[in-house]
>>> print(open('run.txt').read())   # compact mmCIF, C-alpha atoms
# COMPACT_ATOMS: atom_id res chain seq x y z
CA MET A 1 0.00 0.00 0.00
CA ASP A 2 3.00 2.27 0.49
CA ALA A 3 3.94 1.63 -3.13
CA ALA A 4 0.39 2.54 -4.09
CA ALA A 5 0.87 5.84 -2.24
CA VAL A 6 3.89 6.48 -4.47
CA VAL A 7 1.86 5.72 -7.61
CA ILE A 8 -0.99 7.99 -6.53
CA GLY A 9 1.66 10.61 -5.74
CA MET A 10 3.05 10.23 -9.26
CA ILE A 11 -0.39 10.60 -10.86
CA VAL A 12 -1.33 13.61 -8.73
CA GLY A 13 2.19 14.98 -9.24
CA ALA A 14 1.80 14.70 -13.01
CA GLY A 15 -1.37 16.77 -12.71
CA VAL A 16 0.38 19.46 -10.70
CA ILE A 17 3.47 19.42 -12.92
CA HIS A 18 1.50 20.01 -16.11
CA ASN A 19 -0.79 22.60 -14.55
CA PHE A 20 2.26 24.50 -13.32
CA GLY A 21 4.08 24.07 -16.62
CA LEU A 22 7.02 22.23 -15.05
CA ALA A 23 7.36 19.48 -17.67
CA SER A 24 10.07 19.80 -20.30
CA SER A 25 9.16 20.63 -23.85
CA ALA A 26 10.32 18.27 -26.58
CA MET A 27 12.82 19.22 -29.25
CA ALA A 28 11.21 20.52 -32.40
CA ALA A 29 12.41 20.85 -35.98
CA ALA A 30 12.37 24.26 -37.62
CA THR A 31 9.06 25.30 -39.13
CA ALA A 32 8.04 28.16 -41.40
CA THR A 33 7.40 30.35 -38.37
CA ALA A 34 9.80 29.05 -35.71
CA PRO A 35 13.47 27.97 -35.63
CA ALA A 36 14.48 24.50 -34.45
CA THR A 37 14.67 24.04 -30.67
CA ILE A 38 16.51 21.52 -28.52
CA GLY A 39 13.67 21.55 -25.96
CA GLY A 40 14.10 21.13 -22.23
CA PRO A 41 12.58 22.43 -19.01
CA ASN A 42 11.74 26.08 -18.40
CA ILE A 43 13.09 27.87 -15.31
CA PHE A 44 10.23 26.62 -13.11
CA GLY A 45 10.84 23.03 -14.14
CA GLN A 46 14.53 23.50 -13.38
CA ILE A 47 13.76 24.91 -9.94
CA ALA A 48 11.33 22.06 -9.19
CA CYS A 49 13.93 19.49 -10.23
CA VAL A 50 16.69 20.99 -8.08
CA ALA A 51 14.26 21.44 -5.18
CA GLY A 52 13.31 17.77 -5.53
CA ILE A 53 16.95 16.70 -5.39
CA LEU A 54 17.59 18.86 -2.31
CA ILE A 55 14.47 17.49 -0.59
CA MET A 56 15.57 13.91 -1.30
CA LEU A 57 19.03 14.66 0.13
CA VAL A 58 17.42 16.03 3.29
CA ILE A 59 15.15 12.98 3.54
CA GLY A 60 18.13 10.69 2.94
CA TYR A 61 20.15 12.45 5.62
CA THR A 62 17.45 12.72 8.28
CA TYR A 63 15.90 9.25 7.97
CA ARG A 64 19.02 7.38 9.08
CA GLU A 65 18.62 5.00 11.98
CA GLU A 66 20.29 5.95 15.34
CA MET B 67 24.07 -18.51 -15.55
CA ASP B 68 21.48 -20.09 -13.32
CA ARG B 69 17.81 -20.49 -14.14
CA GLY B 70 16.70 -17.33 -12.36
CA LYS B 71 19.09 -15.19 -14.38
CA TRP B 72 17.98 -16.71 -17.67
CA LEU B 73 14.37 -16.14 -16.64
CA ILE B 74 14.89 -12.45 -15.97
CA LEU B 75 16.92 -11.97 -19.15
CA VAL B 76 14.19 -13.62 -21.25
CA SER B 77 11.53 -11.59 -19.43
CA GLY B 78 13.45 -8.44 -20.33
CA LEU B 79 13.67 -9.50 -23.97
CA ILE B 80 9.92 -10.11 -24.07
CA ILE B 81 9.15 -6.74 -22.42
CA GLY B 82 11.45 -4.90 -24.84
CA ALA B 83 9.84 -6.65 -27.80
CA ILE B 84 6.33 -5.92 -26.49
CA ALA B 85 7.18 -2.22 -26.08
CA VAL B 86 8.39 -1.80 -29.66
CA THR B 87 5.46 -3.83 -30.98
CA LEU B 88 3.13 -1.40 -29.18
CA VAL B 89 4.84 1.49 -31.00
CA LYS B 90 4.27 -0.37 -34.26
CA LEU B 91 0.59 -0.76 -33.27
CA GLY B 92 0.16 2.93 -32.61
CA ASN B 93 1.82 4.02 -29.34
CA PRO B 94 4.01 7.17 -29.39
CA PRO B 95 7.59 6.71 -30.71
CA ASN B 96 10.10 5.26 -28.22
CA MET B 97 7.17 5.18 -25.79
CA GLY B 98 5.79 1.70 -26.26
CA PHE B 99 5.72 1.28 -22.51
CA CYS B 100 6.54 4.15 -20.17
CA ILE B 101 5.31 4.11 -16.60
CA ALA B 102 5.70 7.84 -15.96
CA CYS B 103 4.36 8.98 -19.33
CA PHE B 104 1.36 6.71 -19.09
CA GLU B 105 0.53 7.69 -15.50
CA ARG B 106 0.78 11.28 -16.71
CA ASP B 107 -1.66 10.47 -19.54
CA ILE B 108 -4.02 8.88 -17.00
CA ALA B 109 -3.83 12.05 -14.89
CA GLY B 110 -4.83 13.91 -18.06
CA ALA B 111 -7.68 11.52 -18.84
CA LEU B 112 -9.03 12.08 -15.32
CA GLY B 113 -8.87 15.84 -15.85
CA LEU B 114 -6.11 16.42 -13.29
CA HIS B 115 -4.17 18.52 -15.80
CA ARG B 116 -4.90 20.55 -18.90
CA ALA B 117 -2.10 19.47 -21.23
CA ALA B 118 -4.33 18.64 -24.19
CA VAL B 119 -1.66 16.46 -25.82
CA ALA B 120 -1.23 14.12 -22.83
CA GLN B 121 -4.62 12.65 -22.05
CA TYR B 122 -5.47 8.97 -22.41
CA MET B 123 -6.58 6.22 -20.05
CA ARG B 124 -3.60 3.96 -20.84
CA PRO B 125 -4.69 0.30 -20.69
CA GLU B 126 -1.02 -0.69 -20.29
CA ILE B 127 -1.02 0.63 -16.72
CA ILE B 128 -4.39 -0.96 -15.97
CA GLY B 129 -3.06 -4.28 -17.28
CA LEU B 130 0.21 -3.88 -15.37
CA VAL B 131 -1.55 -3.43 -12.04
CA LEU B 132 -4.13 -6.17 -12.66
CA GLY B 133 -1.56 -8.57 -14.12
CA SER B 134 0.85 -8.26 -11.22
CA ALA B 135 -1.97 -8.33 -8.65
CA LEU B 136 -3.52 -11.50 -10.13
CA THR B 137 -0.09 -13.12 -10.32
CA ALA B 138 0.60 -12.32 -6.68
CA LEU B 139 -2.81 -13.68 -5.69
CA PHE B 140 -2.36 -16.95 -7.55
CA ALA B 141 1.21 -17.32 -6.31
CA GLY B 142 0.00 -16.97 -2.73
CA GLU B 143 2.21 -13.91 -2.27
CA TYR B 144 -0.63 -11.50 -1.71
CA ARG B 145 -0.13 -9.47 1.44
CA ALA B 146 -1.59 -6.08 2.24
CA ARG B 147 1.11 -4.16 4.04
CA GLY B 148 1.56 -0.51 4.73
CA GLY B 149 2.26 2.21 7.23
CA SER B 150 5.88 3.04 6.44
CA ALA B 151 6.02 6.84 6.12
CA THR B 152 3.07 6.75 3.75
CA LEU B 153 2.55 10.50 3.33
CA LEU B 154 6.27 11.02 2.81
CA ARG B 155 6.22 8.37 0.09
CA PHE B 156 3.31 10.15 -1.59
CA PHE B 157 5.37 13.33 -1.93
CA MET B 158 8.43 11.38 -2.98
CA GLY B 159 6.21 10.02 -5.76
CA VAL B 160 5.33 13.59 -6.72
CA PHE B 161 9.01 14.53 -7.01
CA MET B 162 9.91 11.32 -8.79
CA MET B 163 7.41 12.44 -11.43
CA VAL B 164 9.06 15.88 -11.54
CA GLY B 165 12.35 14.19 -12.41
CA ALA B 166 10.71 11.94 -15.00
CA LEU B 167 8.89 14.80 -16.73
CA VAL B 168 12.01 17.00 -16.73
CA PHE B 169 13.84 14.14 -18.47
CA LEU B 170 10.75 13.15 -20.49
CA GLY B 171 10.44 9.53 -19.47
CA CYS B 172 10.88 7.03 -16.68
CA PRO B 173 13.91 4.70 -16.47
CA LEU B 174 12.03 2.14 -18.58
CA ARG B 175 11.55 4.68 -21.37
CA ASP B 176 15.18 5.67 -20.95
CA ILE B 177 16.15 2.15 -22.02
CA LEU B 178 13.59 2.14 -24.83
CA ARG B 179 14.90 5.51 -26.03
CA MET B 180 18.47 4.20 -26.03
CA ALA B 181 17.25 1.16 -27.96
CA GLY B 182 15.74 3.56 -30.48
CA GLY B 183 19.10 5.30 -30.94
CA ASP B 184 18.38 8.35 -28.78
CA TYR B 185 21.78 9.44 -27.41
CA ASN B 186 20.11 11.98 -25.09
CA ALA B 187 18.86 8.99 -23.13
CA VAL B 188 22.45 7.88 -22.49
CA VAL B 189 23.05 11.18 -20.69
CA GLY B 190 19.94 10.45 -18.63
CA LEU B 191 21.24 6.96 -17.81
CA PHE B 192 24.42 8.43 -16.31
CA GLY B 193 22.28 10.72 -14.17
CA PHE B 194 20.12 7.76 -13.12
CA ILE B 195 23.14 5.66 -12.15
CA LEU B 196 24.61 8.51 -10.10
CA GLY B 197 21.20 9.10 -8.47
CA VAL B 198 20.97 5.44 -7.45
CA GLY B 199 24.57 5.67 -6.23
CA THR B 200 23.65 8.62 -4.02
CA GLY B 201 20.70 6.67 -2.67
CA VAL B 202 22.97 3.70 -1.93
CA PHE B 203 25.25 6.06 0.02
CA PHE B 204 22.31 6.85 2.33
CA LEU B 205 21.30 3.16 2.53
CA LYS B 206 24.82 2.34 3.75
CA GLN B 207 24.43 5.05 6.39
CA GLY B 208 21.40 3.23 7.77
CA PHE B 209 18.65 5.02 5.85
CA ASP B 210 15.23 3.54 6.65
CA LEU B 211 11.71 4.87 6.16
CA GLY B 212 10.41 2.50 8.86
CA ARG B 213 8.82 -0.90 8.88
CA ALA B 214 5.56 -1.63 7.09
CA LYS B 215 3.02 -3.71 8.98
CA ILE B 216 0.83 -6.47 7.58
CA SER B 217 -2.74 -5.19 7.74
CA SER B 218 -5.46 -7.02 9.62
CA SER B 219 -7.58 -6.81 6.48
CA PRO B 220 -6.53 -7.46 2.88
CA LEU B 221 -8.81 -4.66 1.62
CA GLY B 222 -6.16 -1.92 1.43
CA GLY B 223 -4.11 -3.85 -1.09
CA LEU B 224 -7.14 -4.27 -3.31
CA ILE B 225 -7.67 -0.52 -3.75
CA MET B 226 -5.34 -0.11 -6.72
CA PRO B 227 -6.65 -3.14 -8.65
CA ALA B 228 -10.23 -2.05 -7.95
CA LEU B 229 -9.46 1.50 -9.09
CA MET B 230 -7.91 0.15 -12.29
CA LEU B 231 -10.97 -2.05 -12.96
CA PHE B 232 -13.12 1.05 -12.57
CA PHE B 233 -10.88 2.98 -14.99
CA LEU B 234 -11.12 0.10 -17.48
CA TYR B 235 -14.91 0.14 -17.18
CA LEU B 236 -14.95 3.91 -17.86
CA LEU B 237 -12.63 3.49 -20.84
CA LEU B 238 -14.70 0.70 -22.39
CA LYS B 239 -18.06 2.28 -21.68
CA GLY B 240 -16.99 5.77 -22.71
CA THR B 241 -18.83 7.49 -19.88
CA VAL B 242 -18.60 11.29 -19.84
CA PHE B 243 -19.42 12.77 -16.44
CA ASN B 244 -19.25 16.41 -17.37
CA PRO B 245 -20.37 16.85 -20.99
CA ALA B 246 -20.03 20.65 -20.77
CA ASP B 247 -16.27 20.23 -20.32
CA GLY B 248 -16.04 17.22 -22.63
CA GLY B 249 -14.95 14.74 -19.97
CA PRO B 250 -13.78 13.01 -17.86
CA LEU B 251 -12.50 10.84 -19.32
CA PHE B 252 -10.62 13.34 -21.47
CA PHE B 253 -8.87 12.13 -24.63
CA SER B 254 -6.18 13.95 -26.58
CA GLN B 255 -7.11 14.81 -30.16
CA LYS B 256 -3.47 15.35 -31.15
CA GLY B 257 0.04 14.78 -29.77
CA PRO B 258 1.39 11.76 -27.88
CA GLY B 259 -1.84 11.27 -25.92
CA SER B 260 -3.74 10.68 -29.15
CA MET B 261 -1.33 7.95 -30.24
CA HIS B 262 -2.19 4.53 -28.92
CA ALA B 263 -2.52 0.90 -29.87
CA ALA B 264 -5.95 -0.77 -29.80
CA ILE B 265 -7.25 -1.26 -26.24
CA ALA B 266 -7.08 -5.06 -26.40
CA PHE B 267 -3.40 -5.06 -27.41
CA SER B 268 -2.45 -2.44 -24.81
CA LEU B 269 -4.32 -4.23 -22.06
CA GLY B 270 -2.89 -7.62 -23.02
CA ALA B 271 0.62 -6.17 -23.12
CA GLY B 272 0.13 -4.68 -19.67
CA LEU B 273 -1.11 -8.00 -18.26
CA ILE B 274 1.89 -9.89 -19.65
CA VAL B 275 4.40 -7.30 -18.42
CA GLY B 276 2.67 -7.24 -15.01
CA PHE B 277 2.95 -11.03 -14.78
CA LEU B 278 6.63 -11.03 -15.78
CA ALA B 279 7.49 -8.12 -13.48
CA GLN B 280 5.82 -9.76 -10.49
CA ARG B 281 7.55 -13.10 -11.05
CA THR B 282 11.00 -11.66 -11.67
CA ARG B 283 10.82 -8.65 -9.29
CA LEU B 284 12.15 -6.68 -12.23
CA CYS B 285 13.27 -3.30 -10.97
CA LEU B 286 15.45 -0.86 -12.83
CA SER B 287 16.86 1.14 -9.93
CA GLY B 288 17.10 -2.09 -7.91
CA GLY B 289 19.33 -3.56 -10.61
CA ILE B 290 21.88 -0.78 -10.30
CA ARG B 291 21.52 -0.70 -6.50
CA ASP B 292 22.20 -4.43 -6.15
CA PHE B 293 25.17 -4.19 -8.44
CA ILE B 294 26.71 -1.32 -6.46
CA LEU B 295 25.88 -2.80 -3.06
CA ILE B 296 26.55 -6.51 -3.47
CA ARG B 297 27.83 -6.91 -7.07
CA ASP B 298 24.70 -8.90 -7.93
CA ASN B 299 23.82 -8.49 -11.61
CA THR B 300 20.55 -10.47 -11.60
CA LEU B 301 18.18 -7.52 -11.91
CA LEU B 302 20.54 -5.74 -14.30
CA LEU B 303 20.03 -8.61 -16.74
CA GLY B 304 16.40 -7.51 -17.01
CA PHE B 305 17.65 -4.09 -18.12
CA ILE B 306 19.92 -5.65 -20.71
CA GLY B 307 17.14 -7.92 -21.95
CA ILE B 308 14.75 -5.00 -22.45
CA PHE B 309 17.44 -3.07 -24.31
CA ILE B 310 18.34 -5.94 -26.64
CA GLY B 311 14.72 -6.96 -27.24
CA ALA B 312 13.72 -3.41 -28.12
CA LEU B 313 16.88 -2.73 -30.16
CA VAL B 314 16.43 -5.80 -32.37
CA LEU B 315 12.78 -5.04 -33.10
CA ASN B 316 13.48 -1.32 -33.64
CA ILE B 317 16.03 -2.24 -36.29
CA ALA B 318 13.72 -4.86 -37.80
CA PHE B 319 10.83 -2.39 -38.02
CA GLY B 320 13.07 0.40 -39.32
CA LEU B 321 12.39 2.52 -36.23
CA PHE B 322 16.04 2.80 -35.17
CA LYS B 323 17.56 6.23 -35.72
CA ALA B 324 20.82 7.09 -33.96
CA GLY B 325 21.78 10.59 -32.84
CA PHE B 326 21.11 13.46 -30.47
CA ALA B 327 18.95 15.45 -32.89
CA GLY B 328 15.52 14.65 -34.29
CA GLN B 329 14.53 12.32 -31.46
CA PRO B 330 10.81 11.96 -30.68
CA ILE B 331 9.45 13.39 -27.42
CA ALA B 332 12.94 14.13 -26.08
CA HIS B 333 15.15 17.15 -25.51
CA SER B 334 18.89 17.83 -25.85
CA ASN B 335 19.29 20.00 -22.76
CA HIS B 336 21.84 17.69 -21.19
CA ILE B 337 22.12 19.18 -17.72
CA TRP B 338 18.44 18.50 -17.29
CA ASN B 339 18.44 15.11 -18.97
CA PHE B 340 21.08 14.23 -16.38
CA LEU B 341 19.48 15.89 -13.33
CA GLY B 342 15.96 14.70 -14.21
CA LEU B 343 16.90 11.04 -14.04
CA TYR B 344 19.31 11.74 -11.16
CA LEU B 345 16.25 12.82 -9.16
CA VAL B 346 14.33 9.72 -10.27
CA GLY B 347 17.22 7.38 -9.39
CA LEU B 348 17.78 8.95 -5.98
CA THR B 349 14.09 8.98 -5.09
CA ALA B 350 13.52 5.45 -6.32
CA THR B 351 16.42 4.11 -4.29
CA LEU B 352 15.21 5.81 -1.11
CA LEU B 353 11.77 4.34 -1.78
CA GLY B 354 13.27 0.86 -2.15
CA GLY B 355 12.64 0.62 -5.88
CA VAL B 356 10.79 2.14 -8.80
CA PRO B 357 7.15 1.14 -8.47
CA PHE B 358 7.51 -0.63 -11.79
CA THR B 359 4.54 -2.77 -10.87
CA PRO B 360 2.14 -0.46 -9.08
CA ALA B 361 0.65 -3.57 -7.52
CA ASP B 362 3.91 -3.87 -5.65
CA SER B 363 1.43 -2.61 -3.12
CA VAL B 364 -0.01 -6.07 -3.25
CA ARG B 365 3.09 -8.05 -2.54
CA SER B 366 5.55 -5.88 -0.73
CA GLY B 367 3.64 -3.18 1.07
>>> encode(input="run.txt", output="structure tokens")
Amino acid sequence: MDAAAVVIGMIVGAGVIHNFGLASSAMAAATATAPATIGGPNIFGQIACVAGILIMLVIGYTYREE
Amino acid sequence: MDRGKWLILVSGLIIGAIAVTLVKLGNPPNMGFCIACFERDIAGALGLHRAAVAQYMRPEIIGLVLGSALTALFAGEYRARGGSATLLRFFMGVFMMVGALVFLGCPLRDILRMAGGDYNAVVGLFGFILGVGTGVFFLKQGFDLGRAKISSSPLGGLIMPALMLFFLYLLLKGTVFNPADGGPLFFSQKGPGSMHAAIAFSLGAGLIVGFLAQRTRLCLSGGIRDFILIRDNTLLLGFIGIFIGALVLNIAFGLFKAGFAGQPIAHSNHIWNFLGLYLVGLTATLLGGVPFTPADSVRSG
């Protein structure tokens, strides 16, 4: 059931991530109106990703036994 | 190699082949089977987000949960366990998805992308390995989220399979609860969410993969973790199997295209390819594994 909590977290997280525009955009070839892009996350996605890493490091550090 | 190792290698080959076959049958390119992408599409189908290109009730996930749950039931391994930092795990799931959607795929899709010739995915793999390595560092320090307890009732473990059955019913029946808004369920008209194999194929594929994953305990972060911790390559062989199975079929179907540029649903921003899967690898290792089979809930708490 703890794994199910992770899955529900992932599904709800996906909702939040897309609503907040945190997901990366895909690379796109040049079109008549726009040049080619390599894609990637915007600044908010980058912040969320780094925040996630920092949070995991804190969790990893604090949840040690003894 | 002993029998168990052959079994997991063959399971990997089958899963890789199934994934590419699903692309051939209509799934998005290099996304025959992607846990994160498909859970994201399900979130879209339920109306939890507004990304119009990422909405579909993916039968692969439904099949994966039901397949692994049924397998655990018939194998007598069904146990409803829980209570180990559950809320924390929920938010770790949220951030695992952040990492996956910054990279544009889960570790499984990372392998499938590499098997399709996407070099950007190799950058992600390095991030993933380092993320698992960081997680192992904490494990060695005594990291523990606490013990799960076996529940007095089996009901809790049946929630996910029951939810998936309900989703399947909605998908097949085509119920629309809120016609004014056009859903739920919402379905993409264009983009990756609109690309999918026929329901029967997707569902069948999910059931088979769920069965194989439950029997072999296939786990992508677990493979790297075990190799770092105890030099055990058993789970890694699943990785290798998936890669080879997908690579061979990609070449056979003419889907293989090597390079950094022109890759489908991918980006070449390498810092973030790396850090995205670093976050996934670290989170997954702290959680004790990627919930590759969401019905892990059924067997292992």
>>> axis_aligned_box(input="run.txt", around="range 23-37 of chain A", padding_each_side="6 Å", output="JSON")
{"center_x": 11.0, "center_y": 24.3, "center_z": -29.5, "size_x": 19.3, "size_y": 24.1, "size_z": 35.7}
>>> residues_near_point(input="run.txt", point="(-8.2, 19.6, -17.1)", cutoff="12 Å", atoms="only C-alpha atoms", output="ChimeraX atom specification")
/A:14-16,18-19 /B:107-121,244,247-254
>>> interface_residues(input="run.txt", of="chain A", to="chain B", cutoff="6 Å", atoms="all atoms listed in the file", output="count of residues only")
29
>>> closest_residue(input="run.txt", among="A:Ile17, A:Leu22, A:Val12, A:Ile55", to="Ile43 in chain A", atoms="all atoms listed in the file")
A:Leu22
>>> atom_distance(input="run.txt", atom1="CA of Pro95 in chain B", atom2="CA of Ile265 in chain B")
17.4 Å
>>> atom_distance(input="run.txt", atom1="CA of Leu221 in chain B", atom2="CA of Ser134 in chain B")
16.5 Å
>>> closest_residue(input="run.txt", among="B:Gly82, B:Gly199, B:Gly142, B:Gly272", to="Pro125 in chain B", atoms="only C-alpha atoms")
B:Gly272
>>> residues_around(input="run.txt", residues="Phe232 in chain B", least_positions_apart="3", cutoff="12 Å", atoms="all atoms listed in the file", output="count of residues only")
17
>>> atom_distance(input="run.txt", atom1="CA of Tyr122 in chain B", atom2="CA of Gln255 in chain B")
9.8 Å
>>> residues_around(input="run.txt", residues="Leu284 in chain B", least_positions_apart="2", cutoff="12 Å", atoms="only C-alpha atoms", output="count of residues only")
41
>>> residues_around(input="run.txt", residues="His262 in chain B", least_positions_apart="6", cutoff="8 Å", atoms="only C-alpha atoms", output="PyMOL selection string")
chain B and resi 88-89+91-94
>>> decode(input="run.txt", residues="range 217-226 of chain B", atoms="all heavy atoms", output="CSV table (one decimal), in the first residue's frame")
chain,number,residue,atom,x,y,z
B,217,SER,N,-1.4,-5.7,7.3
B,217,SER,CA,-2.7,-5.2,7.7
B,217,SER,C,-3.6,-6.3,8.3
B,217,SER,O,-3.4,-7.5,7.8
B,217,SER,CB,-3.5,-4.5,6.6
B,217,SER,OG,-2.7,-3.5,6.1
B,218,SER,N,-4.5,-6.0,9.1
B,218,SER,CA,-5.5,-7.0,9.6
B,218,SER,C,-6.5,-7.4,8.6
B,218,SER,O,-7.2,-8.4,8.7
B,218,SER,CB,-6.1,-6.5,10.9
B,218,SER,OG,-6.4,-5.2,10.9
B,219,SER,N,-6.7,-6.5,7.6
B,219,SER,CA,-7.6,-6.8,6.5
B,219,SER,C,-6.9,-6.7,5.2
B,219,SER,O,-6.0,-5.8,5.0
B,219,SER,CB,-8.8,-5.8,6.5
B,219,SER,OG,-9.4,-5.8,5.2
B,220,PRO,N,-7.2,-7.5,4.2
B,220,PRO,CA,-6.5,-7.5,2.9
B,220,PRO,C,-7.1,-6.3,2.0
B,220,PRO,O,-6.6,-6.1,0.9
B,220,PRO,CB,-6.9,-8.8,2.3
B,220,PRO,CG,-8.2,-9.2,2.9
B,220,PRO,CD,-8.2,-8.6,4.3
B,221,LEU,N,-8.1,-5.6,2.5
B,221,LEU,CA,-8.8,-4.7,1.6
B,221,LEU,C,-7.9,-3.6,1.0
B,221,LEU,O,-8.0,-3.2,-0.1
B,221,LEU,CB,-9.9,-4.0,2.4
B,221,LEU,CG,-11.3,-4.7,2.4
B,221,LEU,CD1,-12.3,-3.9,3.2
B,221,LEU,CD2,-11.7,-5.0,1.0
B,222,GLY,N,-7.0,-3.0,1.9
B,222,GLY,CA,-6.2,-1.9,1.4
B,222,GLY,C,-5.4,-2.2,0.2
B,222,GLY,O,-5.3,-1.4,-0.7
B,223,GLY,N,-4.9,-3.5,0.1
B,223,GLY,CA,-4.1,-3.9,-1.1
B,223,GLY,C,-4.9,-4.0,-2.3
B,223,GLY,O,-4.4,-4.1,-3.4
B,224,LEU,N,-6.3,-4.1,-2.2
B,224,LEU,CA,-7.1,-4.3,-3.3
B,224,LEU,C,-7.6,-2.9,-3.9
B,224,LEU,O,-8.2,-2.9,-5.0
B,224,LEU,CB,-8.4,-5.1,-2.9
B,224,LEU,CG,-8.1,-6.5,-2.4
B,224,LEU,CD1,-9.4,-7.2,-1.9
B,224,LEU,CD2,-7.5,-7.3,-3.6
B,225,ILE,N,-7.2,-1.8,-3.3
B,225,ILE,CA,-7.7,-0.5,-3.7
B,225,ILE,C,-7.2,-0.2,-5.2
B,225,ILE,O,-8.0,0.1,-6.0
B,225,ILE,CB,-7.2,0.6,-2.8
B,225,ILE,CG1,-7.9,0.5,-1.4
B,225,ILE,CG2,-7.5,2.0,-3.4
B,225,ILE,CD1,-7.5,1.5,-0.4
B,226,MET,N,-5.9,-0.4,-5.4
B,226,MET,CA,-5.3,-0.1,-6.7
B,226,MET,C,-6.0,-1.0,-7.8
B,226,MET,O,-6.4,-0.5,-8.8
B,226,MET,CB,-3.8,-0.2,-6.7
B,226,MET,CG,-3.1,0.9,-6.0
B,226,MET,SD,-3.5,2.6,-6.7
B,226,MET,CE,-2.6,2.6,-8.1
